[in-house]
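Q: So that you have it, the file is query_35.cif, and it contains mmCIF, C-alpha atoms:
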```
data_data
#
loop_
_atom_site.label_atom_id
_atom_site.label_comp_id
_atom_site.auth_asym_id
_atom_site.auth_seq_id
_atom_site.Cartn_x
_atom_site.Cartn_y
_atom_site.Cartn_z
CA MET A 3 11.31 -15.85 -19.83
CA ALA A 4 15.12 -15.89 -19.66
CA LEU A 5 16.78 -13.45 -17.27
CA HIS A 6 18.33 -11.30 -20.04
CA GLU A 7 14.98 -11.16 -21.86
CA GLY A 8 13.25 -10.14 -18.64
CA ALA A 9 15.84 -7.44 -18.00
CA LEU A 10 15.47 -6.11 -21.54
CA ARG A 11 11.68 -6.02 -21.21
CA VAL A 12 11.82 -4.10 -17.92
CA LYS A 13 14.41 -1.64 -19.19
CA MET A 14 12.56 -0.95 -22.43
CA LEU A 15 9.20 -0.40 -20.77
CA PHE A 16 10.52 1.29 -17.68
CA CYS A 17 13.06 3.60 -19.32
CA CYS A 18 10.53 4.75 -21.91
CA ARG A 19 8.19 5.70 -19.08
CA THR A 20 10.90 7.48 -17.11
CA LEU A 21 12.11 9.35 -20.20
CA HIS A 22 8.59 10.62 -20.76
CA LYS A 23 8.26 11.55 -17.11
CA PHE A 24 11.46 13.54 -16.91
CA ALA A 25 10.69 15.27 -20.19
CA SER A 26 7.37 16.39 -18.74
CA PHE A 27 8.67 17.73 -15.42
CA SER A 28 11.48 20.22 -15.91
CA GLY A 29 14.21 20.72 -13.35
CA ALA A 30 13.96 17.31 -11.72
CA ARG A 31 17.19 15.97 -13.18
CA SER A 32 18.84 15.75 -16.58
CA LEU A 33 17.68 13.03 -18.96
CA SER A 34 21.18 11.82 -19.63
CA LYS A 35 21.90 11.41 -15.93
CA HIS A 36 18.68 9.48 -15.33
CA VAL A 37 19.08 7.16 -18.32
CA SER A 38 22.65 6.34 -17.33
CA SER A 39 21.50 5.51 -13.82
CA GLN A 40 19.24 2.78 -15.15
CA SER A 41 22.23 0.67 -16.16
CA VAL A 42 23.74 0.71 -12.68
CA SER A 43 22.33 -1.62 -10.07
CA PRO A 44 22.08 -0.17 -6.57
CA LYS A 45 23.20 -3.51 -5.16
CA PRO A 46 26.29 -5.58 -5.90
CA PRO A 47 25.52 -8.35 -8.40
CA GLU A 48 26.02 -11.06 -5.81
CA VAL A 49 23.32 -9.53 -3.61
CA ALA A 50 20.73 -9.65 -6.36
CA ASP A 51 21.85 -13.08 -7.49
CA ASP A 52 21.46 -14.46 -3.98
CA HIS A 53 18.20 -12.70 -3.13
CA LEU A 54 15.21 -14.92 -2.40
CA ILE A 55 12.87 -13.29 -4.93
CA TYR A 56 14.57 -10.20 -6.42
CA THR A 57 16.68 -9.93 -9.55
CA GLN A 58 18.77 -7.07 -10.93
CA GLU A 59 15.59 -5.72 -12.53
CA HIS A 60 13.91 -5.44 -9.13
CA PHE A 61 16.85 -3.50 -7.73
CA ALA A 62 16.94 -1.19 -10.76
CA LEU A 63 13.26 -0.48 -10.25
CA LYS A 64 13.78 0.23 -6.55
CA GLU A 65 16.73 2.53 -7.20
CA ALA A 66 14.84 4.60 -9.76
CA LEU A 67 11.87 4.92 -7.43
CA ARG A 68 14.10 5.96 -4.53
CA LYS A 69 15.55 8.79 -6.63
CA LEU A 70 12.07 9.96 -7.56
CA ILE A 71 10.98 9.86 -3.90
CA ASP A 72 14.01 11.84 -2.78
CA GLN A 73 13.40 14.56 -5.34
CA GLU A 74 9.63 14.71 -5.81
CA ILE A 75 8.09 13.57 -2.51
CA ASN A 76 10.28 13.67 0.60
CA PRO A 77 11.14 17.38 0.33
CA TYR A 78 7.42 18.18 0.70
CA VAL A 79 6.32 15.60 3.27
CA ASP A 80 6.48 17.92 6.27
CA GLN A 81 4.39 20.52 4.43
CA TRP A 82 1.78 17.97 3.38
CA GLU A 83 1.62 16.49 6.87
CA ALA A 84 0.97 19.97 8.29
CA GLU A 85 -1.71 20.65 5.66
CA GLY A 86 -3.43 17.32 6.30
CA THR A 87 -3.42 16.33 2.63
CA PHE A 88 -1.12 15.94 -0.35
CA PRO A 89 -1.71 16.74 -4.06
CA ALA A 90 -2.70 13.23 -5.17
CA HIS A 91 -3.26 14.09 -8.83
CA LYS A 92 0.17 15.72 -9.13
CA VAL A 93 2.06 13.00 -7.26
CA PHE A 94 0.21 10.15 -8.98
CA LYS A 95 0.86 11.67 -12.39
CA ILE A 96 4.59 11.75 -11.66
CA LEU A 97 4.51 8.13 -10.49
CA GLY A 98 2.25 7.08 -13.36
CA ASN A 99 4.45 8.61 -16.03
CA ALA A 100 7.41 6.76 -14.53
CA GLY A 101 5.53 3.43 -14.55
CA PHE A 102 5.22 2.83 -10.81
CA LEU A 103 1.42 2.60 -10.51
CA GLY A 104 0.97 -0.56 -12.54
CA VAL A 105 4.12 -2.66 -12.48
CA ASN A 106 2.12 -5.92 -12.36
CA LYS A 107 -0.79 -4.71 -14.50
CA PRO A 108 -1.31 -5.62 -18.20
CA VAL A 109 0.82 -3.77 -20.73
CA GLU A 110 -2.19 -3.04 -22.93
CA TYR A 111 -3.65 -0.90 -20.14
CA GLY A 112 -0.48 1.00 -19.34
CA GLY A 113 1.17 -1.45 -16.95
CA LEU A 114 4.57 -3.10 -17.12
CA GLY A 115 3.17 -6.64 -17.22
CA LEU A 116 5.47 -7.95 -14.47
CA ASP A 117 4.64 -10.30 -11.62
CA PHE A 118 3.54 -9.31 -8.12
CA SER A 119 7.06 -9.50 -6.72
CA TYR A 120 7.73 -6.20 -8.49
CA SER A 121 4.78 -4.64 -6.67
CA VAL A 122 6.31 -5.85 -3.43
CA ALA A 123 9.63 -4.25 -4.41
CA VAL A 124 7.84 -0.97 -5.13
CA ALA A 125 5.97 -1.18 -1.83
CA GLU A 126 9.26 -1.71 0.01
CA GLU A 127 10.81 1.34 -1.59
CA LEU A 128 7.77 3.48 -0.90
CA GLY A 129 8.55 2.78 2.75
CA SER A 130 11.40 5.29 2.37
CA ILE A 131 8.83 8.10 2.15
CA ARG A 132 9.07 10.02 5.42
CA CYS A 133 5.49 9.38 6.50
CA GLY A 134 2.88 6.63 6.32
CA GLY A 135 0.00 8.49 4.70
CA ILE A 136 1.40 9.02 1.21
CA PRO A 137 2.60 5.41 0.71
CA MET A 138 -0.82 4.21 1.87
CA ALA A 139 -2.58 6.46 -0.64
CA ILE A 140 -0.32 5.22 -3.43
CA GLY A 141 -0.96 1.63 -2.39
CA VAL A 142 -4.71 2.14 -2.61
CA GLN A 143 -4.23 3.32 -6.18
CA SER A 144 -1.89 0.55 -7.30
CA ASP A 145 -2.68 -2.53 -5.23
CA MET A 146 -5.98 -2.15 -3.38
CA ALA A 147 -8.62 -0.54 -5.62
CA THR A 148 -7.42 -1.97 -8.94
CA PRO A 149 -6.43 -5.68 -8.68
CA ALA A 150 -9.98 -7.02 -9.19
CA LEU A 151 -10.56 -4.62 -12.07
CA ALA A 152 -7.34 -5.72 -13.75
CA ARG A 153 -8.14 -9.41 -13.25
CA PHE A 154 -11.90 -9.60 -13.82
CA GLY A 155 -13.05 -6.32 -15.38
CA SER A 156 -14.28 -5.91 -18.94
CA ASP A 157 -12.10 -4.33 -21.59
CA GLU A 158 -14.38 -1.28 -21.56
CA LEU A 159 -14.03 -0.82 -17.79
CA LYS A 160 -10.28 -1.26 -17.93
CA LYS A 161 -9.96 1.42 -20.57
CA GLU A 162 -12.19 3.82 -18.66
CA PHE A 163 -10.84 3.27 -15.13
CA LEU A 164 -7.74 1.06 -14.99
CA LEU A 165 -5.65 2.67 -17.72
CA PRO A 166 -6.00 6.26 -16.43
CA SER A 167 -5.34 5.03 -12.87
CA ILE A 168 -2.12 3.35 -13.94
CA MET A 169 -1.08 6.46 -15.88
CA GLY A 170 -1.88 8.69 -12.92
CA ASP A 171 -4.62 10.61 -14.71
CA LYS A 172 -7.34 9.46 -12.31
CA VAL A 173 -7.22 8.97 -8.55
CA ALA A 174 -8.92 5.83 -7.23
CA CYS A 175 -10.39 4.98 -3.84
CA LEU A 176 -11.80 1.78 -2.35
CA GLY A 177 -15.29 1.78 -0.87
CA VAL A 178 -15.68 -1.24 1.41
CA SER A 179 -15.83 -0.23 5.09
CA GLU A 180 -18.94 1.35 6.61
CA VAL A 181 -19.86 2.76 10.00
CA GLY A 182 -21.22 -0.61 11.13
CA ALA A 183 -19.06 -2.85 8.97
CA GLY A 184 -15.30 -2.50 9.08
CA SER A 185 -13.45 -5.80 9.23
CA ASP A 186 -16.78 -7.63 8.98
CA VAL A 187 -17.15 -7.03 5.26
CA SER A 188 -20.15 -9.34 4.91
CA SER A 189 -22.23 -6.94 7.04
CA ILE A 190 -22.14 -3.93 4.71
CA LYS A 191 -25.51 -2.24 4.09
CA THR A 192 -24.93 -0.16 0.96
CA LYS A 193 -27.37 -1.33 -1.72
CA ALA A 194 -27.29 -1.22 -5.49
CA VAL A 195 -30.78 -1.99 -6.83
CA ARG A 196 -31.10 -2.83 -10.50
CA LYS A 197 -33.56 -0.69 -12.45
CA GLY A 198 -33.39 -1.38 -16.15
CA ASP A 199 -29.81 -1.13 -17.32
CA GLU A 200 -28.74 0.85 -14.26
CA TYR A 201 -28.10 0.35 -10.56
CA VAL A 202 -29.53 2.83 -8.10
CA ILE A 203 -27.14 3.04 -5.17
CA ASN A 204 -27.95 4.17 -1.64
CA GLY A 205 -25.83 3.98 1.49
CA GLY A 206 -22.43 5.20 2.58
CA LYS A 207 -18.77 4.36 3.05
CA MET A 208 -16.43 5.25 5.89
CA TRP A 209 -12.65 5.67 6.27
CA THR A 210 -12.20 6.05 2.51
CA THR A 211 -8.54 6.73 1.70
CA ASN A 212 -8.18 9.27 -1.16
CA GLY A 213 -11.91 9.90 -0.77
CA THR A 214 -11.84 13.71 -1.00
CA GLN A 215 -9.69 13.69 -4.15
CA ALA A 216 -10.78 10.50 -5.93
CA ASP A 217 -12.18 10.44 -9.45
CA TRP A 218 -13.68 6.98 -9.07
CA MET A 219 -14.39 4.38 -6.41
CA CYS A 220 -14.14 0.62 -6.48
CA LEU A 221 -17.38 0.15 -4.57
CA LEU A 222 -18.56 -2.99 -2.81
CA ALA A 223 -22.35 -3.03 -2.56
CA ASN A 224 -25.20 -5.50 -2.05
CA THR A 225 -26.79 -6.17 -5.43
CA SER A 226 -29.31 -8.76 -4.22
CA ASP A 227 -30.96 -10.08 -1.04
CA GLY A 228 -29.15 -13.40 -1.13
CA PRO A 229 -26.62 -14.85 1.35
CA PRO A 230 -24.12 -12.19 2.55
CA HIS A 231 -21.15 -13.85 0.86
CA LYS A 232 -22.94 -14.18 -2.48
CA ASN A 233 -25.04 -11.02 -2.79
CA LYS A 234 -22.30 -8.43 -3.31
CA SER A 235 -20.72 -6.91 -6.38
CA LEU A 236 -17.77 -4.62 -7.07
CA ILE A 237 -18.79 -1.58 -9.10
CA CYS A 238 -16.69 1.13 -10.75
CA LEU A 239 -18.36 4.32 -9.50
CA PRO A 240 -17.41 7.76 -10.88
CA MET A 241 -17.25 10.16 -7.95
CA ASN A 242 -18.71 13.07 -9.93
CA LEU A 243 -22.12 11.46 -10.40
CA PRO A 244 -25.21 13.18 -8.99
CA GLY A 245 -25.99 11.87 -5.53
CA VAL A 246 -22.37 11.19 -4.50
CA HIS A 247 -21.64 13.31 -1.43
CA VAL A 248 -18.26 13.56 0.26
CA ALA A 249 -19.65 14.39 3.69
CA ARG A 250 -16.45 15.19 5.49
CA LYS A 251 -12.71 14.76 5.71
CA ILE A 252 -11.99 12.64 8.78
CA ASN A 253 -9.34 13.79 11.25
CA LYS A 254 -7.08 10.95 12.38
CA ILE A 255 -4.40 10.41 15.01
CA GLY A 256 -1.94 9.45 12.27
CA MET A 257 -1.55 9.28 8.50
CA TRP A 258 -2.11 13.05 8.46
CA SER A 259 -1.08 13.67 4.84
CA SER A 260 -3.56 11.10 3.54
CA ASP A 261 -7.11 12.39 3.13
CA THR A 262 -9.76 10.07 4.55
CA ALA A 263 -13.43 10.66 3.77
CA GLU A 264 -16.93 9.67 4.71
CA VAL A 265 -19.00 9.29 1.55
CA PHE A 266 -22.78 9.02 1.12
CA PHE A 267 -24.80 7.79 -1.88
CA ASP A 268 -28.27 9.16 -2.51
CA ASP A 269 -30.01 7.50 -5.48
CA VAL A 270 -26.76 7.35 -7.45
CA ARG A 271 -27.34 5.85 -10.91
CA VAL A 272 -24.58 3.74 -12.40
CA PRO A 273 -24.73 1.63 -15.59
CA CYS A 274 -24.94 -2.11 -14.90
CA LYS A 275 -21.97 -2.56 -17.22
CA ASN A 276 -19.82 -0.96 -14.51
CA VAL A 277 -19.91 -4.19 -12.47
CA ILE A 278 -16.47 -5.78 -12.24
CA GLY A 279 -16.65 -9.39 -13.40
CA GLN A 280 -19.75 -11.33 -12.45
CA GLU A 281 -22.57 -9.92 -10.35
CA GLY A 282 -22.71 -11.54 -6.92
CA LEU A 283 -19.00 -12.39 -6.76
CA GLY A 284 -17.93 -9.08 -5.27
CA PHE A 285 -17.19 -10.52 -1.83
CA THR A 286 -14.90 -13.16 -3.36
CA TYR A 287 -13.15 -10.58 -5.54
CA GLN A 288 -12.61 -8.33 -2.54
CA MET A 289 -11.14 -11.14 -0.48
CA LEU A 290 -8.68 -11.75 -3.33
CA GLN A 291 -7.83 -8.03 -3.38
CA PHE A 292 -7.17 -8.20 0.34
CA GLN A 293 -4.35 -10.72 -0.15
CA GLU A 294 -2.36 -8.31 -2.31
CA GLU A 295 -3.27 -5.40 -0.05
CA ARG A 296 -2.00 -7.18 3.06
CA LEU A 297 1.26 -8.29 1.48
CA TRP A 298 1.75 -4.78 0.09
CA ALA A 299 1.23 -3.26 3.55
CA VAL A 300 3.77 -5.60 5.12
CA ALA A 301 6.38 -4.85 2.45
CA ASN A 302 5.88 -1.15 2.94
CA ILE A 303 6.16 -1.12 6.73
CA VAL A 304 9.20 -3.43 6.86
CA THR A 305 11.29 -0.75 5.15
CA THR A 306 10.06 1.94 7.53
CA MET A 307 10.85 -0.24 10.55
CA ASP A 308 14.40 -0.70 9.25
CA SER A 309 14.74 3.07 8.97
CA ILE A 310 13.38 3.73 12.44
CA ILE A 311 15.82 1.25 13.99
CA GLN A 312 18.76 2.81 12.14
CA GLU A 313 17.76 6.34 13.08
CA THR A 314 17.35 5.26 16.69
CA ILE A 315 20.84 3.75 16.64
CA SER A 316 22.27 6.99 15.27
CA TYR A 317 20.46 9.12 17.83
CA THR A 318 21.26 6.95 20.84
CA ARG A 319 24.90 6.71 19.81
CA GLN A 320 25.33 10.49 20.16
CA ARG A 321 22.89 11.12 23.05
CA LYS A 322 24.54 10.56 26.42
CA VAL A 323 23.02 9.48 29.73
CA PHE A 324 25.20 8.98 32.83
CA GLN A 325 28.38 9.88 30.95
CA GLN A 326 27.94 7.35 28.15
CA PRO A 327 25.87 7.06 24.97
CA VAL A 328 22.38 5.66 25.47
CA LEU A 329 23.18 3.00 22.87
CA TYR A 330 25.98 1.58 25.03
CA HIS A 331 23.57 0.54 27.76
CA GLN A 332 23.05 -3.18 27.32
CA ALA A 333 19.27 -2.96 27.69
CA VAL A 334 19.18 -0.62 24.68
CA HIS A 335 21.45 -2.36 22.20
CA PHE A 336 20.06 -5.77 23.16
CA ARG A 337 16.51 -4.52 22.59
CA LEU A 338 17.39 -3.07 19.20
CA ALA A 339 18.97 -6.40 18.26
CA GLU A 340 15.77 -8.19 19.22
CA LEU A 341 13.68 -5.81 17.15
CA GLN A 342 15.92 -6.12 14.09
CA THR A 343 15.68 -9.89 14.38
CA GLU A 344 11.89 -9.67 14.39
CA VAL A 345 11.94 -7.44 11.30
CA GLU A 346 14.14 -9.93 9.45
CA LEU A 347 11.81 -12.79 10.35
CA LEU A 348 8.84 -10.80 9.06
CA ARG A 349 10.69 -10.01 5.84
CA SER A 350 11.40 -13.69 5.29
CA LEU A 351 7.72 -14.52 5.76
CA LEU A 352 6.81 -11.77 3.27
CA TYR A 353 9.21 -13.13 0.65
CA ARG A 354 8.01 -16.69 1.13
CA ALA A 355 4.37 -15.66 0.75
CA THR A 356 5.21 -13.56 -2.32
CA ALA A 357 7.15 -16.39 -3.96
CA MET A 358 4.23 -18.75 -3.44
CA TYR A 359 1.69 -16.18 -4.62
CA ILE A 360 3.37 -15.51 -7.95
CA LYS A 361 3.35 -19.28 -8.56
CA GLY A 362 -0.45 -19.29 -8.20
CA ASN A 363 -0.74 -20.64 -4.67
CA ASP A 364 -3.32 -19.60 -2.09
CA VAL A 365 -1.40 -17.54 0.47
CA THR A 366 -4.36 -16.41 2.56
CA LYS A 367 -2.92 -17.95 5.72
CA LEU A 368 0.59 -16.63 5.18
CA ALA A 369 -0.64 -13.17 4.18
CA SER A 370 -2.82 -13.06 7.29
CA MET A 371 0.11 -14.14 9.46
CA ALA A 372 2.35 -11.49 7.92
CA LYS A 373 -0.29 -8.79 8.35
CA LEU A 374 -0.86 -9.80 11.99
CA LYS A 375 2.84 -9.87 12.79
CA GLY A 376 3.49 -6.64 10.89
CA GLY A 377 0.89 -4.72 12.85
CA ARG A 378 1.97 -6.03 16.23
CA LEU A 379 5.67 -5.59 15.53
CA ALA A 380 5.14 -2.03 14.30
CA ARG A 381 3.44 -1.14 17.57
CA GLU A 382 6.13 -2.84 19.62
CA LEU A 383 9.00 -1.36 17.65
CA SER A 384 7.66 2.19 17.53
CA ASP A 385 7.01 2.16 21.28
CA SER A 386 10.46 0.81 22.15
CA CYS A 387 12.34 3.13 19.81
CA LEU A 388 10.36 6.19 20.86
CA GLN A 389 11.32 5.47 24.48
CA TYR A 390 15.01 5.71 23.61
CA TRP A 391 14.49 9.14 22.05
CA GLY A 392 13.38 10.44 25.42
CA GLY A 393 11.66 13.83 25.38
CA MET A 394 12.43 14.28 21.68
CA GLY A 395 10.37 11.19 20.95
CA PHE A 396 7.34 12.89 22.44
CA THR A 397 7.56 15.77 19.98
CA SER A 398 6.26 15.91 16.41
CA ASP A 399 9.69 16.83 15.08
CA VAL A 400 11.22 13.38 14.67
CA PRO A 401 10.38 10.40 12.41
CA VAL A 402 9.90 7.98 15.30
CA SER A 403 6.95 9.93 16.71
CA ARG A 404 5.35 10.09 13.27
CA PHE A 405 5.82 6.36 12.84
CA TYR A 406 4.35 5.81 16.31
CA ARG A 407 1.15 7.55 15.15
CA ASP A 408 1.00 6.22 11.61
CA SER A 409 1.84 2.57 12.28
CA ARG A 410 -1.07 2.07 14.67
CA LEU A 411 -3.34 1.67 11.65
CA MET A 412 -1.52 -1.50 10.58
CA SER A 413 -3.38 -3.55 13.20
CA ILE A 414 -6.75 -2.09 12.18
CA GLY A 415 -6.92 -1.43 8.43
CA ALA A 416 -7.39 -4.17 5.81
CA GLY A 417 -8.63 -6.52 8.52
CA ALA A 418 -8.00 -6.08 12.24
CA ASP A 419 -5.59 -8.32 14.15
CA GLU A 420 -8.51 -10.29 15.51
CA VAL A 421 -9.80 -10.99 12.01
CA MET A 422 -6.33 -12.17 10.98
CA LEU A 423 -6.31 -14.52 13.94
CA GLY A 424 -9.71 -15.88 12.93
CA ILE A 425 -8.50 -16.55 9.38
CA ILE A 426 -5.37 -18.29 10.65
CA CYS A 427 -7.44 -20.41 13.04
CA LYS A 428 -9.73 -21.37 10.17
CA TYR A 429 -6.77 -22.71 8.21
CA MET A 430 -5.51 -24.47 11.34
CA ASP A 431 -8.96 -26.00 11.88
CA THR A 432 -9.09 -24.82 15.47
CA LEU A 433 -12.31 -22.79 15.39
CA PRO A 434 -15.25 -24.07 17.49
CA ARG A 435 -17.44 -26.42 15.52
CA LYS A 436 -21.10 -25.57 15.19
#
```
Could the structure of this file be written out as structure tokens, please?
A:
Amino acid sequence: MALHEGALRVKMLFCCRTLHKFASFSGARSLSKHVSSQSVSPKPPEVADDHLIYTQEHFALKEALRKLIDQEINPYVDQWEAEGTFPAHKVFKILGNAGFLGVNKPVEYGGLGLDFSYSVAVAEELGSIRCGGIPMAIGVQSDMATPALARFGSDELKKEFLLPSIMGDKVACLGVSEVGAGSDVSSIKTKAVRKGDEYVINGGKMWTTNGTQADWMCLLANTSDGPPHKNKSLICLPMNLPGVHVARKINKIGMWSSDTAEVFFDDVRVPCKNVIGQEGLGFTYQMLQFQEERLWAVANIVTTMDSIIQETISYTRQRKVFQQPVLYHQAVHFRLAELQTEVELLRSLLYRATAMYIKGNDVTKLASMAKLKGGRLARELSDSCLQYWGGMGFTSDVPVSRFYRDSRLMSIGAGADEVMLGIICKYMDTLPRK
């Protein structure tokens, strides 16, 4: 597709969505102001032209999302953090009407039909939300619970679950991890036993993001007694079925505004037609979903790390120690330079992996490397920057302390650091031979 054709396609689809959104939510901003903003790129033309993977359309998408975040999300973040949850249905409906929950999903199911680089651009911009929990919840909806459904699901399943998720009418969650099976996905115990044209599901899921508010779950369950990598299936599970019990909302050290649930299944009956793709290929489908999830997570946290560095620069420039700004001490400005360099290196790895992925290449190794580096750098950066905030950094009143709490999950969720290392070693052929 030529560049001008691509731009026209994005603007037609995207502006129609945003027009509908701003007609539905009064007081957000005037329609004329919003439509005119779509024709102005937030970056100079030469920046977009020289970008590794982004075009003017990407920057237009990012600018529109940033305006929505500044008006519809960031003003309420502190309140939602204090309450330990956010109104997922309301926020997702706003995002869905504006087209941000399915930028790389098929047009016939409500998406924009663009490639995954646009999802990365959205993930980057969501990093401007002033906490980690809400972006994570949005990412589950757009790039963690739905990729396999969009790629392998039947038309009937897509209409029932994918379309309303993209439009923001239904909240999705992903049911993979269990009490005894987190990063070791092959060890899950939840079973779905076929009885006639239904599955009867028993078991439970742990650490389920969006779990207390979700309308449906993309559930990974054992559907046979075969080998652990070939006996699993992904199933679209409505959360209002008899036997589905949200046992509790889990309290966490970070990601406060994102609800996390423990869910149990007691003889839950689901039609066999709710299986995504082919029965027994669920493990493979989930591994494919993980690639997008890991790249999405890296894109999201890179933006936040940029913000934390900049806010630390601003704070240390005005805070004085021994008659001079903290920033002017060589140890401080040198350390911030080192951290910014590491962020730029991670961003380059992200863009390289994304460019290869949208061309159909296997980026498992690169995605694993990016996820590993992202988690470790987030811990390193948050610790260093918090130190320069002094006593203020140890309070809950500043972004750096929130990032310190929230970012710790990056090295655990979607595959722990150690799992990433194992995957990388597998591709390097350095694992012990049996």
Q: Applying the PyMOL selection byres ((chain A and resi 198) around 12) to the file I just gave you, which residues come out? Please list them as a ChimeraX atom specification.
A: /A:195-197,199-202,271-275
Q: Which distance in Å separates CA of Leu348 (chain A) and CA of Gly376 (chain A), to one decimal?
A: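 Rounded to one decimal, the two atoms are 7.0 Å apart.
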Q: Using only C-alpha atoms, pick whichever of A:Tyr359, A:Phe396, A:Phe154, A:Phe266 has the shortest atom-to-atom distance to Gln288 (chain A).
A: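 The answer is A:Phe154, which sits nearest to Gln288 (chain A).
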Q: What do you get, as number ranges by chain, if you spell out every residue that the PyMOL selection byres ((chain A and resi 360) around 12) selects here?
A: A: 55, 106, 116-122, 293-294, 353-359, 361-365
Q: Export C-alpha atoms of the chosen residues as a PDB file, keeping the file's coordinate frame?
A:
```pdb
ATOM      1  CA  ILE A  55      12.870 -13.290  -4.930  1.00  0.00           C
ATOM      2  CA  ASN A 106       2.120  -5.920 -12.360  1.00  0.00           C
ATOM      3  CA  LEU A 116       5.470  -7.950 -14.470  1.00  0.00           C
ATOM      4  CA  ASP A 117       4.640 -10.300 -11.620  1.00  0.00           C
ATOM      5  CA  PHE A 118       3.540  -9.310  -8.120  1.00  0.00           C
ATOM      6  CA  SER A 119       7.060  -9.500  -6.720  1.00  0.00           C
ATOM      7  CA  TYR A 120       7.730  -6.200  -8.490  1.00  0.00           C
ATOM      8  CA  SER A 121       4.780  -4.640  -6.670  1.00  0.00           C
ATOM      9  CA  VAL A 122       6.310  -5.850  -3.430  1.00  0.00           C
ATOM     10  CA  GLN A 293      -4.350 -10.720  -0.150  1.00  0.00           C
ATOM     11  CA  GLU A 294      -2.360  -8.310  -2.310  1.00  0.00           C
ATOM     12  CA  TYR A 353       9.210 -13.130   0.650  1.00  0.00           C
ATOM     13  CA  ARG A 354       8.010 -16.690   1.130  1.00  0.00           C
ATOM     14  CA  ALA A 355       4.370 -15.660   0.750  1.00  0.00           C
ATOM     15  CA  THR A 356       5.210 -13.560  -2.320  1.00  0.00           C
ATOM     16  CA  ALA A 357       7.150 -16.390  -3.960  1.00  0.00           C
ATOM     17  CA  MET A 358       4.230 -18.750  -3.440  1.00  0.00           C
ATOM     18  CA  TYR A 359       1.690 -16.180  -4.620  1.00  0.00           C
ATOM     19  CA  LYS A 361       3.350 -19.280  -8.560  1.00  0.00           C
ATOM     20  CA  GLY A 362      -0.450 -19.290  -8.200  1.00  0.00           C
ATOM     21  CA  ASN A 363      -0.740 -20.640  -4.670  1.00  0.00           C
ATOM     22  CA  ASP A 364      -3.320 -19.600  -2.090  1.00  0.00           C
ATOM     23  CA  VAL A 365      -1.400 -17.540   0.470  1.00  0.00           C
TER      24      VAL A 365
END
```
Q: Which neighbours of region 282-287 of chain A fall inside 9 Å, counting all atoms listed in the file, when residues of the same chain fewer than 3 positions from it are skipped, and could you give them as a PDB file with C-alpha atoms, keeping the file's coordinate frame?
A:
```
ATOM      1  CA  PRO A 149      -6.430  -5.680  -8.680  1.00  0.00           C
ATOM      2  CA  ALA A 150      -9.980  -7.020  -9.190  1.00  0.00           C
ATOM      3  CA  PHE A 154     -11.900  -9.600 -13.820  1.00  0.00           C
ATOM      4  CA  VAL A 187     -17.150  -7.030   5.260  1.00  0.00           C
ATOM      5  CA  SER A 188     -20.150  -9.340   4.910  1.00  0.00           C
ATOM      6  CA  LEU A 222     -18.560  -2.990  -2.810  1.00  0.00           C
ATOM      7  CA  ALA A 223     -22.350  -3.030  -2.560  1.00  0.00           C
ATOM      8  CA  ASN A 224     -25.200  -5.500  -2.050  1.00  0.00           C
ATOM      9  CA  THR A 225     -26.790  -6.170  -5.430  1.00  0.00           C
ATOM     10  CA  SER A 226     -29.310  -8.760  -4.220  1.00  0.00           C
ATOM     11  CA  GLY A 228     -29.150 -13.400  -1.130  1.00  0.00           C
ATOM     12  CA  PRO A 230     -24.120 -12.190   2.550  1.00  0.00           C
ATOM     13  CA  HIS A 231     -21.150 -13.850   0.860  1.00  0.00           C
ATOM     14  CA  LYS A 232     -22.940 -14.180  -2.480  1.00  0.00           C
ATOM     15  CA  ASN A 233     -25.040 -11.020  -2.790  1.00  0.00           C
ATOM     16  CA  LYS A 234     -22.300  -8.430  -3.310  1.00  0.00           C
ATOM     17  CA  SER A 235     -20.720  -6.910  -6.380  1.00  0.00           C
ATOM     18  CA  LEU A 236     -17.770  -4.620  -7.070  1.00  0.00           C
ATOM     19  CA  ILE A 237     -18.790  -1.580  -9.100  1.00  0.00           C
ATOM     20  CA  VAL A 277     -19.910  -4.190 -12.470  1.00  0.00           C
ATOM     21  CA  ILE A 278     -16.470  -5.780 -12.240  1.00  0.00           C
ATOM     22  CA  GLY A 279     -16.650  -9.390 -13.400  1.00  0.00           C
ATOM     23  CA  LEU A 290      -8.680 -11.750  -3.330  1.00  0.00           C
ATOM     24  CA  GLN A 291      -7.830  -8.030  -3.380  1.00  0.00           C
ATOM     25  CA  PHE A 292      -7.170  -8.200   0.340  1.00  0.00           C
TER      26      PHE A 292
END
```
Q: Report, in Å to a single decimal, how far apart CA of Leu352 (chain A) and CA of Val304 (chain A) are.
A: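 Interatomic distance, CA of Val304 (chain A) to CA of Leu352 (chain A): 9.4 Å.
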Q: Have a look at A:Ile315, A:Leu433, A:Ile425, A:Cys133 and name the one nearest to Ser403 (chain A); count only C-alpha atoms.
A: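 Of the candidates, the smallest distance to Ser403 (chain A) is held by A:Cys133.
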Q: Kindly indicate which residue among A:Asn242, A:Ser350, A:Asn276, A:Ser130 lies nearest to Glu162 (chain A), using only C-alpha atoms for the distances.
A: A:Asn276
Q: When you draw a straight line from CA of Val421 (chain A) to CA of Ala147 (chain A), how long is it in Å?
A: 20.5 Å
Q: Please evaluate the PyMOL selection byres ((chain A and resi 267-270) around 10) against the displayed coordinates and give the resulting residues as a VMD selection string.
A: chain A and resid 192 to 195 200 to 207 239 to 241 243 to 248 265 to 266 271 to 272
Q: Quick one: axis-aligned box around all listed atoms of region 402-413 of chain A, 4 Å on every side, centre and edge lengths in Å to one decimal, written as AutoDock Vina command-line options.
A:
```
--center_x 3.3 --center_y 3.3 --center_z 13.6 --size_x 21.3 --size_y 21.6 --size_z 14.1
```
